[in-house]
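Data first, discussion second: the structure below is written as structure tokens.
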Amino acid sequence: MTALRAVTAHLPSRSVPVASLQKELDLSDGQLRVMHRVFGLSEVLREPTGTVAELMLATARGLDALRGREHLVRYVVQARTMPAVAPYPVNPLHEVREALGLGHAQVFSVFQHACASGLLAVDLCGKLLAADGDPEALALVLTGEKTFTPAARTVPGTAVNGEASAAVLVGVGGERDRVLGYATRTHGRFNAALSLTPEVAAQFQQAYPAALAEVLLAAAGRAGTSLDELALILPHNVNRVSWVRLCRDLGIPLEKVLLENVPVTGHCFCADPFLNYRTAADRGLLRPGDRYLMAAVGLGATFSAMVLQH
């Protein structure tokens with residue numbers, strides 16, 4: 001059974017008010033008010049000088065569980081939203097592998113699920129480790145990207161993107177943070193992502209709540225539990241209003257969804273569910289045996305959910 005052996009987060013040094021990005025993001029005064037009042041967005045995290053490799057390294061070096069066990073790491077995987085994060089021939093993931101002393105490990109990236117690729121990477125690493133047959137072997141999943149282009153800075157009408165990162169050490173077996181169920185579905189008619197026509201974009205917004213609800217219910221079903229039995233939902237940090245609507249539709253108490261990072265981090269690509277895990281764990285919101293759910297949506301459009309037991 002796939003398990004999260006350790007999770008760390010790195011929060012960049014600079015907190016930027018969304019209002020100061022109005023010109024950069026080409027927001028009208030009305031759109032900015034919606035960002036604040038409806039979406040609940042106040043600030044985003046940015047690293048003024050850091051590179052993608054430095055973001056991943058800053059997080060990975062916080063994994064105390066990795067020290068002394070580097071020889072057990074079989075895979076180093078970058079889960080990312082964008083197909084390209086650096087110009088050829090630069091390869092940030094190879095830089096990180098060497099800097100961490102993991103030159104023996106196989107490396108690859110997954111981005112096919114966009115911002116839901118973090119959950120995909122955890123599931124895939126668990127399957128690879130199980131197939132390898134070594135119960136001690138580990139995989140390192142890295143997330144975090146730079147908002148280095150206009151398209152990377154915002155999801156128009158939905159979110160403002162930040163640069164926090166997270167690292168996950170994945171293993172097989174163990175008693176904590178075990179994956180009980182994973183569900184994902186791609187709605188290919190929305191594959192144009194940021195280039196959707198206004199008509200199709202409106203269809204995506206209309207389909208969004210039901211599509212996300214579907215995978216939440218599917219993941220819970222595969223875990224042999226119900227949404228009512230979950231102690232906590234760790235969302236992707238796009239905005240507040242989408243979760244208010246989903247909770248209303250599913251009858252879930254809004255307080256079950258950890259939304260406190262939404263106003264202050266921005267949407268940090270594939271890192272969001274793991275950033276929220278770190279917040280929940282640090283605040284003592286998860287007790288041994290609690291079941292909780294991670295959720296993410298990637299443009300294109302992939303909806304994913306994963307149920308785990310702490």
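Residue numbering restarts at 1 in every chain; chains get A, B, ... in the order shown in the structure tokens, and ligands count up from 1 in that same order.
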Using only C-alpha atoms, which residues of stretch 217-257 of chain A come within 9 Å of stretch 161-180 of chain A, and what is the closest atom pair for each, with the distance in Å to one decimal? Give it as a Markdown table, sorted by chain and residue number.
| residue | atom | partner | partner_atom | distance |
| --- | --- | --- | --- | --- |
| A:Ala219 | CA | A:Leu180 | CA | 8.2 |
| A:Ala220 | CA | A:Leu180 | CA | 8.4 |
| A:Arg222 | CA | A:Leu180 | CA | 7.2 |
| A:Ala223 | CA | A:Leu180 | CA | 4.6 |
| A:Gly224 | CA | A:Leu180 | CA | 8.0 |
| A:Val238 | CA | A:Asn161 | CA | 8.2 |
Would you output that residue set with C-alpha atoms, as an mmCIF file, in the first residue's frame?
data_model
loop_
_atom_site.group_PDB
_atom_site.id
_atom_site.type_symbol
_atom_site.label_atom_id
_atom_site.label_comp_id
_atom_site.auth_asym_id
_atom_site.auth_seq_id
_atom_site.Cartn_x
_atom_site.Cartn_y
_atom_site.Cartn_z
ATOM 1 C CA ALA A 219 -12.003 8.188 -4.156
ATOM 2 C CA ALA A 220 -14.011 7.856 -0.952
ATOM 3 C CA ARG A 222 -12.571 3.141 -3.306
ATOM 4 C CA ALA A 223 -11.299 3.820 0.222
ATOM 5 C CA GLY A 224 -14.378 2.176 1.700
ATOM 6 C CA VAL A 238 -7.474 28.203 -6.299
#
Write out as a PyMOL selection string the set of residues from stretch 32-156 of chain A that DSSP, computed on the backbone, places in alpha helix (DSSP H). chain A and resi 32-37+52-60+92-99+117-132+150-153
Prev. selection, C-alpha atoms, output as a CSV table (one decimal), in the first residue's frame:
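Generated file (part.csv):
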chain,number,residue,atom,x,y,z
A,32,LEU,CA,-9.8,42.9,-8.6
A,33,ARG,CA,-12.8,43.3,-6.2
A,34,VAL,CA,-14.0,39.9,-7.2
A,35,MET,CA,-10.6,38.4,-6.5
A,36,HIS,CA,-10.8,39.9,-3.0
A,37,ARG,CA,-14.4,39.7,-2.0
A,52,VAL,CA,13.0,26.0,-10.1
A,53,ALA,CA,15.9,23.9,-9.0
A,54,GLU,CA,16.4,26.0,-5.9
A,55,LEU,CA,12.7,25.8,-5.0
A,56,MET,CA,12.8,22.0,-5.2
A,57,LEU,CA,16.1,21.8,-3.2
A,58,ALA,CA,14.9,24.1,-0.5
A,59,THR,CA,12.0,21.7,0.1
A,60,ALA,CA,13.8,18.4,-0.3
A,92,PRO,CA,16.5,21.4,-13.1
A,93,LEU,CA,15.5,17.9,-12.0
A,94,HIS,CA,18.9,16.5,-12.8
A,95,GLU,CA,20.6,19.3,-10.9
A,96,VAL,CA,18.5,18.5,-7.9
A,97,ARG,CA,19.2,14.8,-8.1
A,98,GLU,CA,23.0,15.4,-8.1
A,99,ALA,CA,22.8,18.1,-5.3
A,117,SER,CA,0.0,15.8,-11.4
A,118,GLY,CA,1.2,15.8,-7.8
A,119,LEU,CA,-1.4,13.2,-6.9
A,120,LEU,CA,-0.7,11.3,-10.1
A,121,ALA,CA,3.0,11.2,-9.1
A,122,VAL,CA,2.3,9.8,-5.7
A,123,ASP,CA,0.0,7.1,-7.1
A,124,LEU,CA,2.5,6.2,-9.9
A,125,CYS,CA,5.5,6.0,-7.5
A,126,GLY,CA,3.6,3.7,-5.2
A,127,LYS,CA,2.9,1.4,-8.1
A,128,LEU,CA,6.5,1.4,-9.3
A,129,LEU,CA,7.8,0.7,-5.8
A,130,ALA,CA,5.3,-2.1,-5.3
A,131,ALA,CA,6.3,-3.7,-8.7
A,132,ASP,CA,10.0,-3.4,-7.7
A,150,PRO,CA,2.2,35.7,-18.1
A,151,ALA,CA,0.3,32.5,-18.6
A,152,ALA,CA,2.0,31.0,-15.5
A,153,ARG,CA,0.9,33.8,-13.2
Close residues, A:Leu234 itself excluded, 9 Å, only C-alpha atoms, min 6 positions apart in chain, as a count of residues only: 16
Find the residues around A:Ala79 up to 7 Å (only C-alpha atoms counted), leave out those fewer than 5 positions away in its own chain, and share them as a list in words.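 Neighbouring residues, sequence-local ones excluded: Ser109, Val110, Phe111, Ser117, Gly118, Ala121, Val141, Leu142, Thr143 and Cys270 of chain A.
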Dump N, CA and C atoms for the selected residues as a short mmCIF file (atom, residue, chain, number, x, y, z; two decimals), in the first residue's frame?
data_model
loop_
_atom_site.label_atom_id
_atom_site.label_comp_id
_atom_site.auth_asym_id
_atom_site.auth_seq_id
_atom_site.Cartn_x
_atom_site.Cartn_y
_atom_site.Cartn_z
N SER A 109 9.70 13.32 -15.11
CA SER A 109 8.68 14.29 -14.74
C SER A 109 7.32 13.80 -15.21
N VAL A 110 6.29 14.21 -14.50
CA VAL A 110 4.91 13.99 -14.95
C VAL A 110 4.21 15.34 -14.97
N PHE A 111 3.49 15.62 -16.05
CA PHE A 111 2.76 16.88 -16.14
C PHE A 111 1.45 16.70 -16.88
N SER A 117 -1.10 16.76 -11.19
CA SER A 117 0.01 15.82 -11.42
C SER A 117 0.71 15.39 -10.13
N GLY A 118 0.57 16.17 -9.06
CA GLY A 118 1.17 15.77 -7.79
C GLY A 118 0.56 14.49 -7.26
N ALA A 121 1.66 11.61 -9.42
CA ALA A 121 3.02 11.18 -9.13
C ALA A 121 3.07 10.27 -7.91
N VAL A 141 9.05 12.72 -4.55
CA VAL A 141 8.22 13.52 -5.44
C VAL A 141 8.43 14.99 -5.10
N LEU A 142 8.75 15.79 -6.12
CA LEU A 142 9.04 17.21 -5.92
C LEU A 142 8.03 18.06 -6.69
N THR A 143 7.56 19.13 -6.05
CA THR A 143 6.64 20.05 -6.70
C THR A 143 7.13 21.48 -6.50
N CYS A 270 1.18 22.18 -8.43
CA CYS A 270 0.94 20.83 -7.89
C CYS A 270 1.18 20.74 -6.39
#
With a distance cut-off of 8 Å and only C-alpha atoms, select the neighbouring residues of A:Val215, excluding the residue or stretch itself and same-chain residues fewer than 3 positions from it, and output the selection as a PyMOL selection string. chain A and resi 183-185+211-212+218-219+303-305
Test item, strand (DSSP E or B) assignment across stretch 41-261 of chain A, answer as a compact mmCIF listing (two decimals) with all heavy atoms, in the first residue's frame:
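Heads up, here's the output in out-v9.txt:
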# COMPACT_ATOMS: atom_id res chain seq x y z
N GLU A 43 -3.06 37.68 -0.93
CA GLU A 43 -1.63 37.72 -1.21
C GLU A 43 -1.20 36.45 -1.94
O GLU A 43 -1.90 35.43 -1.90
CB GLU A 43 -0.83 37.87 0.09
CG GLU A 43 -1.19 39.11 0.90
CD GLU A 43 -0.56 39.08 2.28
OE1 GLU A 43 -0.16 37.98 2.73
OE2 GLU A 43 -0.48 40.14 2.92
N VAL A 44 -0.05 36.52 -2.58
CA VAL A 44 0.57 35.33 -3.16
C VAL A 44 2.03 35.31 -2.76
O VAL A 44 2.63 36.36 -2.47
CB VAL A 44 0.46 35.29 -4.70
CG1 VAL A 44 -0.98 35.13 -5.13
CG2 VAL A 44 1.07 36.52 -5.34
N LEU A 45 2.61 34.12 -2.75
CA LEU A 45 4.02 33.95 -2.40
C LEU A 45 4.88 33.92 -3.65
O LEU A 45 4.59 33.17 -4.59
CB LEU A 45 4.22 32.67 -1.59
CG LEU A 45 3.56 32.65 -0.21
CD1 LEU A 45 3.73 31.27 0.42
CD2 LEU A 45 4.15 33.72 0.70
N ARG A 46 5.94 34.71 -3.65
CA ARG A 46 6.87 34.74 -4.77
C ARG A 46 8.30 34.70 -4.23
O ARG A 46 8.59 35.23 -3.16
CB ARG A 46 6.69 36.02 -5.60
CG ARG A 46 5.31 36.14 -6.29
CD ARG A 46 5.25 35.31 -7.54
NE ARG A 46 3.93 35.32 -8.17
CZ ARG A 46 3.49 36.26 -9.00
NH1 ARG A 46 4.26 37.31 -9.29
NH2 ARG A 46 2.31 36.16 -9.55
N VAL A 73 16.50 5.57 -2.18
CA VAL A 73 15.65 6.29 -3.14
C VAL A 73 15.86 5.73 -4.53
O VAL A 73 16.97 5.78 -5.08
CB VAL A 73 15.95 7.80 -3.11
CG1 VAL A 73 15.12 8.52 -4.19
CG2 VAL A 73 15.63 8.38 -1.74
N ARG A 74 14.79 5.21 -5.11
CA ARG A 74 14.88 4.59 -6.43
C ARG A 74 14.40 5.53 -7.54
O ARG A 74 14.85 5.43 -8.67
CB ARG A 74 14.05 3.31 -6.44
CG ARG A 74 14.23 2.46 -7.69
CD ARG A 74 13.82 1.03 -7.43
NE ARG A 74 14.71 0.38 -6.49
CZ ARG A 74 14.60 -0.89 -6.12
NH1 ARG A 74 13.66 -1.65 -6.63
NH2 ARG A 74 15.44 -1.41 -5.26
N TYR A 75 13.49 6.44 -7.19
CA TYR A 75 12.94 7.36 -8.19
C TYR A 75 12.90 8.78 -7.63
O TYR A 75 12.57 8.99 -6.46
CB TYR A 75 11.50 6.95 -8.58
CG TYR A 75 11.38 5.53 -9.06
CD1 TYR A 75 10.94 4.52 -8.21
CD2 TYR A 75 11.73 5.19 -10.37
CE1 TYR A 75 10.84 3.21 -8.64
CE2 TYR A 75 11.63 3.88 -10.81
CZ TYR A 75 11.19 2.89 -9.94
OH TYR A 75 11.10 1.58 -10.37
N VAL A 76 13.25 9.73 -8.49
CA VAL A 76 13.08 11.15 -8.18
C VAL A 76 12.18 11.72 -9.27
O VAL A 76 12.53 11.70 -10.45
CB VAL A 76 14.43 11.90 -8.15
CG1 VAL A 76 14.20 13.38 -7.87
CG2 VAL A 76 15.36 11.28 -7.11
N VAL A 77 11.02 12.21 -8.86
CA VAL A 77 9.98 12.59 -9.82
C VAL A 77 9.57 14.04 -9.59
O VAL A 77 9.26 14.43 -8.47
CB VAL A 77 8.75 11.67 -9.68
CG1 VAL A 77 7.68 12.05 -10.71
CG2 VAL A 77 9.14 10.21 -9.81
N GLN A 78 9.58 14.81 -10.65
CA GLN A 78 9.06 16.17 -10.59
C GLN A 78 7.62 16.16 -11.09
O GLN A 78 7.35 15.81 -12.23
CB GLN A 78 9.90 17.13 -11.42
CG GLN A 78 9.43 18.58 -11.31
CD GLN A 78 10.21 19.52 -12.22
OE1 GLN A 78 10.90 19.08 -13.14
NE2 GLN A 78 10.10 20.80 -11.96
N ALA A 79 6.68 16.52 -10.21
CA ALA A 79 5.28 16.66 -10.60
C ALA A 79 5.04 18.13 -10.89
O ALA A 79 5.19 18.97 -10.01
CB ALA A 79 4.37 16.18 -9.48
N GLN A 106 16.55 6.83 -10.69
CA GLN A 106 15.94 7.17 -11.97
C GLN A 106 15.13 8.46 -11.80
O GLN A 106 14.47 8.66 -10.77
CB GLN A 106 15.01 6.06 -12.44
CG GLN A 106 15.72 4.74 -12.73
CD GLN A 106 14.77 3.70 -13.29
OE1 GLN A 106 14.03 3.97 -14.23
NE2 GLN A 106 14.79 2.51 -12.69
N VAL A 107 15.17 9.34 -12.80
CA VAL A 107 14.44 10.60 -12.71
C VAL A 107 13.51 10.76 -13.91
O VAL A 107 13.83 10.35 -15.02
CB VAL A 107 15.40 11.81 -12.64
CG1 VAL A 107 16.25 11.78 -11.39
CG2 VAL A 107 16.28 11.88 -13.88
N PHE A 108 12.37 11.34 -13.66
CA PHE A 108 11.45 11.69 -14.73
C PHE A 108 10.44 12.70 -14.20
O PHE A 108 10.33 12.92 -12.99
CB PHE A 108 10.74 10.46 -15.31
CG PHE A 108 9.90 9.68 -14.34
CD1 PHE A 108 8.54 9.96 -14.16
CD2 PHE A 108 10.47 8.65 -13.60
CE1 PHE A 108 7.78 9.23 -13.28
CE2 PHE A 108 9.70 7.90 -12.70
CZ PHE A 108 8.35 8.20 -12.54
N SER A 109 9.70 13.32 -15.11
CA SER A 109 8.68 14.29 -14.74
C SER A 109 7.32 13.80 -15.21
O SER A 109 7.20 13.08 -16.20
CB SER A 109 8.97 15.65 -15.38
OG SER A 109 10.20 16.17 -14.92
N VAL A 110 6.29 14.21 -14.50
CA VAL A 110 4.91 13.99 -14.95
C VAL A 110 4.21 15.34 -14.97
O VAL A 110 4.35 16.13 -14.04
CB VAL A 110 4.15 12.99 -14.05
CG1 VAL A 110 4.73 11.60 -14.18
CG2 VAL A 110 4.15 13.41 -12.60
N LEU A 138 12.29 3.79 -1.73
CA LEU A 138 11.58 5.05 -1.61
C LEU A 138 11.55 5.78 -2.95
O LEU A 138 12.37 5.53 -3.83
CB LEU A 138 12.24 5.95 -0.57
CG LEU A 138 12.37 5.41 0.86
CD1 LEU A 138 13.31 6.29 1.67
CD2 LEU A 138 10.99 5.33 1.52
N ALA A 139 10.61 6.72 -3.06
CA ALA A 139 10.57 7.63 -4.19
C ALA A 139 10.42 9.04 -3.65
O ALA A 139 9.74 9.26 -2.64
CB ALA A 139 9.42 7.29 -5.13
N LEU A 140 11.04 9.98 -4.31
CA LEU A 140 10.97 11.38 -3.91
C LEU A 140 10.17 12.15 -4.96
O LEU A 140 10.58 12.21 -6.13
CB LEU A 140 12.37 11.97 -3.77
CG LEU A 140 12.48 13.47 -3.45
CD1 LEU A 140 11.80 13.79 -2.11
CD2 LEU A 140 13.94 13.91 -3.43
N VAL A 141 9.05 12.72 -4.55
CA VAL A 141 8.22 13.52 -5.44
C VAL A 141 8.43 14.99 -5.10
O VAL A 141 8.30 15.40 -3.94
CB VAL A 141 6.73 13.16 -5.30
CG1 VAL A 141 5.86 14.11 -6.14
CG2 VAL A 141 6.50 11.71 -5.72
N LEU A 142 8.75 15.79 -6.12
CA LEU A 142 9.04 17.21 -5.92
C LEU A 142 8.03 18.06 -6.69
O LEU A 142 7.68 17.75 -7.83
CB LEU A 142 10.45 17.53 -6.42
CG LEU A 142 11.58 16.77 -5.72
CD1 LEU A 142 12.87 16.85 -6.52
CD2 LEU A 142 11.80 17.32 -4.31
N THR A 143 7.56 19.13 -6.05
CA THR A 143 6.64 20.05 -6.70
C THR A 143 7.13 21.48 -6.50
O THR A 143 7.96 21.75 -5.64
CB THR A 143 5.22 19.94 -6.12
OG1 THR A 143 5.23 20.45 -4.78
CG2 THR A 143 4.72 18.51 -6.11
N THR A 154 -1.39 33.37 -13.57
CA THR A 154 -2.80 33.41 -13.18
C THR A 154 -3.60 32.38 -13.98
O THR A 154 -3.22 32.00 -15.08
CB THR A 154 -3.40 34.81 -13.41
OG1 THR A 154 -4.75 34.82 -12.98
CG2 THR A 154 -3.33 35.21 -14.87
N VAL A 155 -4.68 31.93 -13.38
CA VAL A 155 -5.73 31.21 -14.10
C VAL A 155 -6.86 32.22 -14.24
O VAL A 155 -7.54 32.53 -13.25
CB VAL A 155 -6.21 29.96 -13.34
CG1 VAL A 155 -7.28 29.22 -14.14
CG2 VAL A 155 -5.04 29.04 -13.01
N ALA A 159 -7.86 32.16 -10.28
CA ALA A 159 -6.81 32.10 -9.27
C ALA A 159 -5.62 32.95 -9.67
O ALA A 159 -5.45 33.31 -10.83
CB ALA A 159 -6.35 30.64 -9.07
N VAL A 160 -4.78 33.26 -8.67
CA VAL A 160 -3.47 33.87 -8.88
C VAL A 160 -2.43 32.89 -8.36
O VAL A 160 -2.58 32.33 -7.27
CB VAL A 160 -3.35 35.22 -8.14
CG1 VAL A 160 -1.98 35.84 -8.39
CG2 VAL A 160 -4.45 36.17 -8.58
N ASN A 161 -1.39 32.65 -9.14
CA ASN A 161 -0.45 31.58 -8.83
C ASN A 161 0.74 32.05 -8.00
O ASN A 161 1.25 33.15 -8.19
CB ASN A 161 0.05 30.94 -10.13
CG ASN A 161 -1.07 30.32 -10.93
OD1 ASN A 161 -2.09 29.93 -10.37
ND2 ASN A 161 -0.90 30.22 -12.23
N SER A 165 6.61 25.49 -2.68
CA SER A 165 6.93 24.14 -3.17
C SER A 165 6.75 23.12 -2.05
O SER A 165 6.71 23.48 -0.87
CB SER A 165 8.36 24.09 -3.72
OG SER A 165 9.29 24.49 -2.72
N ALA A 166 6.66 21.87 -2.44
CA ALA A 166 6.51 20.78 -1.48
C ALA A 166 7.26 19.56 -1.98
O ALA A 166 7.46 19.39 -3.18
CB ALA A 166 5.04 20.44 -1.25
N ALA A 167 7.70 18.73 -1.03
CA ALA A 167 8.37 17.47 -1.36
C ALA A 167 7.71 16.35 -0.58
O ALA A 167 7.32 16.53 0.58
CB ALA A 167 9.86 17.54 -1.02
N VAL A 168 7.58 15.19 -1.22
CA VAL A 168 6.93 14.04 -0.61
C VAL A 168 7.82 12.82 -0.77
O VAL A 168 8.25 12.50 -1.88
CB VAL A 168 5.56 13.75 -1.28
CG1 VAL A 168 4.84 12.62 -0.55
CG2 VAL A 168 4.70 15.00 -1.32
N LEU A 169 8.09 12.16 0.34
CA LEU A 169 8.83 10.91 0.31
C LEU A 169 7.81 9.78 0.34
O LEU A 169 7.03 9.66 1.28
CB LEU A 169 9.77 10.82 1.53
CG LEU A 169 10.93 9.84 1.44
CD1 LEU A 169 11.87 10.18 0.28
CD2 LEU A 169 11.72 9.84 2.75
N VAL A 170 7.80 8.99 -0.72
CA VAL A 170 6.79 7.94 -0.90
C VAL A 170 7.42 6.58 -0.64
O VAL A 170 8.53 6.30 -1.09
CB VAL A 170 6.20 7.99 -2.32
CG1 VAL A 170 5.16 6.88 -2.53
CG2 VAL A 170 5.57 9.36 -2.60
N GLY A 171 6.69 5.74 0.06
CA GLY A 171 7.13 4.37 0.29
C GLY A 171 5.97 3.41 0.12
O GLY A 171 4.86 3.80 -0.24
N VAL A 172 6.22 2.14 0.39
CA VAL A 172 5.18 1.12 0.33
C VAL A 172 5.03 0.52 1.72
O VAL A 172 6.01 0.11 2.34
CB VAL A 172 5.53 0.02 -0.70
CG1 VAL A 172 4.47 -1.08 -0.68
CG2 VAL A 172 5.64 0.61 -2.09
N ARG A 178 -1.35 6.35 4.81
CA ARG A 178 -1.50 5.32 3.77
C ARG A 178 -2.58 5.75 2.78
O ARG A 178 -3.63 6.25 3.17
CB ARG A 178 -1.86 3.98 4.40
CG ARG A 178 -0.76 3.40 5.30
CD ARG A 178 -1.20 2.10 5.95
NE ARG A 178 -2.32 2.32 6.87
CZ ARG A 178 -3.47 1.65 6.83
NH1 ARG A 178 -3.66 0.72 5.91
NH2 ARG A 178 -4.42 1.90 7.70
N VAL A 179 -2.33 5.52 1.51
CA VAL A 179 -3.30 5.83 0.47
C VAL A 179 -4.35 4.72 0.44
O VAL A 179 -4.04 3.56 0.20
CB VAL A 179 -2.64 5.97 -0.91
CG1 VAL A 179 -3.70 6.20 -1.99
CG2 VAL A 179 -1.64 7.13 -0.91
N LEU A 180 -5.61 5.11 0.67
CA LEU A 180 -6.71 4.14 0.68
C LEU A 180 -7.49 4.12 -0.62
O LEU A 180 -8.11 3.11 -0.96
CB LEU A 180 -7.66 4.45 1.85
CG LEU A 180 -7.05 4.51 3.26
CD1 LEU A 180 -8.14 4.80 4.28
CD2 LEU A 180 -6.33 3.21 3.59
N GLY A 181 -7.50 5.25 -1.31
CA GLY A 181 -8.27 5.31 -2.55
C GLY A 181 -7.86 6.51 -3.38
O GLY A 181 -7.59 7.58 -2.84
N TYR A 182 -7.80 6.32 -4.69
CA TYR A 182 -7.41 7.39 -5.62
C TYR A 182 -8.32 7.34 -6.83
O TYR A 182 -8.60 6.26 -7.36
CB TYR A 182 -5.95 7.19 -6.05
CG TYR A 182 -5.46 8.10 -7.15
CD1 TYR A 182 -5.45 9.48 -7.02
CD2 TYR A 182 -4.98 7.55 -8.35
CE1 TYR A 182 -4.98 10.31 -8.03
CE2 TYR A 182 -4.50 8.37 -9.37
CZ TYR A 182 -4.51 9.75 -9.20
OH TYR A 182 -4.04 10.55 -10.22
N ALA A 183 -8.81 8.49 -7.24
CA ALA A 183 -9.68 8.56 -8.41
C ALA A 183 -9.30 9.77 -9.25
O ALA A 183 -8.97 10.84 -8.71
CB ALA A 183 -11.15 8.67 -7.99
N THR A 184 -9.32 9.61 -10.55
CA THR A 184 -9.00 10.71 -11.44
C THR A 184 -9.79 10.56 -12.73
O THR A 184 -10.05 9.44 -13.18
CB THR A 184 -7.49 10.76 -11.74
OG1 THR A 184 -7.20 11.90 -12.54
CG2 THR A 184 -7.02 9.51 -12.45
N ARG A 185 -10.21 11.69 -13.29
CA ARG A 185 -10.92 11.66 -14.56
C ARG A 185 -10.56 12.90 -15.36
O ARG A 185 -10.55 14.02 -14.82
CB ARG A 185 -12.43 11.60 -14.34
CG ARG A 185 -13.19 11.51 -15.67
CD ARG A 185 -14.67 11.41 -15.49
NE ARG A 185 -15.33 11.41 -16.80
CZ ARG A 185 -16.64 11.54 -16.97
NH1 ARG A 185 -17.43 11.66 -15.93
NH2 ARG A 185 -17.16 11.55 -18.18
N THR A 186 -10.26 12.70 -16.63
CA THR A 186 -9.94 13.80 -17.53
C THR A 186 -11.12 14.05 -18.46
O THR A 186 -11.60 13.12 -19.12
CB THR A 186 -8.68 13.49 -18.35
OG1 THR A 186 -7.57 13.33 -17.46
CG2 THR A 186 -8.38 14.62 -19.33
N LEU A 232 -10.90 15.66 7.37
CA LEU A 232 -10.41 16.91 6.76
C LEU A 232 -10.31 16.73 5.26
O LEU A 232 -10.03 15.64 4.76
CB LEU A 232 -9.04 17.25 7.33
CG LEU A 232 -8.55 18.70 7.27
CD1 LEU A 232 -9.49 19.65 8.02
CD2 LEU A 232 -7.15 18.78 7.88
N ILE A 233 -10.55 17.81 4.53
CA ILE A 233 -10.30 17.85 3.09
C ILE A 233 -9.21 18.88 2.83
O ILE A 233 -9.30 20.02 3.29
CB ILE A 233 -11.58 18.22 2.31
CG1 ILE A 233 -12.62 17.10 2.45
CG2 ILE A 233 -11.26 18.46 0.83
CD1 ILE A 233 -13.96 17.41 1.80
N LEU A 234 -8.17 18.46 2.12
CA LEU A 234 -7.03 19.32 1.79
C LEU A 234 -7.16 19.69 0.32
O LEU A 234 -6.90 18.87 -0.55
CB LEU A 234 -5.72 18.60 2.08
CG LEU A 234 -5.58 18.03 3.50
CD1 LEU A 234 -4.25 17.29 3.64
CD2 LEU A 234 -5.69 19.13 4.55
N VAL A 257 -12.98 21.74 5.23
CA VAL A 257 -12.04 22.05 4.16
C VAL A 257 -11.03 23.06 4.67
O VAL A 257 -11.40 24.14 5.15
CB VAL A 257 -12.77 22.62 2.92
CG1 VAL A 257 -11.79 22.81 1.78
CG2 VAL A 257 -13.90 21.69 2.51
Closest of A:Val244, A:Leu66, A:Ala271, A:Met82 to A:Ala6 - atom-to-atom distances counting only C-alpha atoms: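 Distance minimum relative to A:Ala6 lands on A:Leu66.
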Close residues, A:Pro156 itself excluded, 10 Å, only C-alpha atoms, min 5 positions apart in chain, as an MDAnalysis selection string: chainID A and resid 25:27 31 151 194
Output for the residues just chosen: all heavy atoms as an mmCIF file, in the first residue's frame:
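As written to disk, again06.cif reads:
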data_model
loop_
_atom_site.group_PDB
_atom_site.id
_atom_site.type_symbol
_atom_site.label_atom_id
_atom_site.label_comp_id
_atom_site.auth_asym_id
_atom_site.auth_seq_id
_atom_site.Cartn_x
_atom_site.Cartn_y
_atom_site.Cartn_z
ATOM 1 N N LEU A 25 -1.366 41.441 -14.081
ATOM 2 C CA LEU A 25 -2.346 40.412 -14.410
ATOM 3 C C LEU A 25 -3.467 40.929 -15.298
ATOM 4 O O LEU A 25 -4.384 40.178 -15.633
ATOM 5 C CB LEU A 25 -2.941 39.830 -13.118
ATOM 6 C CG LEU A 25 -1.955 39.206 -12.132
ATOM 7 C CD1 LEU A 25 -2.676 38.701 -10.904
ATOM 8 C CD2 LEU A 25 -1.141 38.096 -12.779
ATOM 9 N N ASP A 26 -3.398 42.206 -15.647
ATOM 10 C CA ASP A 26 -4.388 42.833 -16.531
ATOM 11 C C ASP A 26 -5.796 42.694 -15.956
ATOM 12 O O ASP A 26 -6.738 42.286 -16.637
ATOM 13 C CB ASP A 26 -4.324 42.216 -17.935
ATOM 14 C CG ASP A 26 -5.093 43.030 -18.975
ATOM 15 O OD1 ASP A 26 -5.237 44.249 -18.769
ATOM 16 O OD2 ASP A 26 -5.536 42.443 -19.983
ATOM 17 N N LEU A 27 -5.935 43.081 -14.677
ATOM 18 C CA LEU A 27 -7.227 43.004 -14.000
ATOM 19 C C LEU A 27 -7.888 44.373 -13.975
ATOM 20 O O LEU A 27 -7.245 45.378 -13.659
ATOM 21 C CB LEU A 27 -7.044 42.512 -12.557
ATOM 22 C CG LEU A 27 -6.461 41.111 -12.342
ATOM 23 C CD1 LEU A 27 -6.217 40.886 -10.858
ATOM 24 C CD2 LEU A 27 -7.386 40.053 -12.909
ATOM 25 N N GLN A 31 -12.693 43.267 -11.560
ATOM 26 C CA GLN A 31 -12.116 41.928 -11.428
ATOM 27 C C GLN A 31 -11.281 41.801 -10.158
ATOM 28 O O GLN A 31 -11.286 40.756 -9.501
ATOM 29 C CB GLN A 31 -11.263 41.616 -12.659
ATOM 30 C CG GLN A 31 -12.075 41.387 -13.922
ATOM 31 C CD GLN A 31 -11.198 41.291 -15.159
ATOM 32 O OE1 GLN A 31 -10.203 42.018 -15.294
ATOM 33 N NE2 GLN A 31 -11.557 40.397 -16.077
ATOM 34 N N ALA A 151 1.270 33.564 -18.692
ATOM 35 C CA ALA A 151 0.313 32.463 -18.583
ATOM 36 C C ALA A 151 0.489 31.678 -17.291
ATOM 37 O O ALA A 151 -0.452 31.020 -16.818
ATOM 38 C CB ALA A 151 0.452 31.529 -19.777
ATOM 39 N N LEU A 194 -6.156 27.153 -21.205
ATOM 40 C CA LEU A 194 -6.254 28.607 -21.195
ATOM 41 C C LEU A 194 -6.711 29.181 -22.530
ATOM 42 O O LEU A 194 -6.974 30.392 -22.626
ATOM 43 C CB LEU A 194 -4.908 29.227 -20.802
ATOM 44 C CG LEU A 194 -4.419 28.926 -19.387
ATOM 45 C CD1 LEU A 194 -3.049 29.533 -19.161
ATOM 46 C CD2 LEU A 194 -5.406 29.421 -18.339
#
Could you pull the residues within 7 Å of A:Ser42, counting only C-alpha atoms, minus those fewer than 2 positions along the same chain, as JSON, numbers by chain? {"A": [17, 18, 36, 40, 263, 264]}
From the list A:Arg14, A:Ala114, A:Ser242, A:Leu285, which residue is nearest A:His310 when using only C-alpha atoms?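 Among the listed residues, the smallest separation from A:His310 belongs to A:Leu285.
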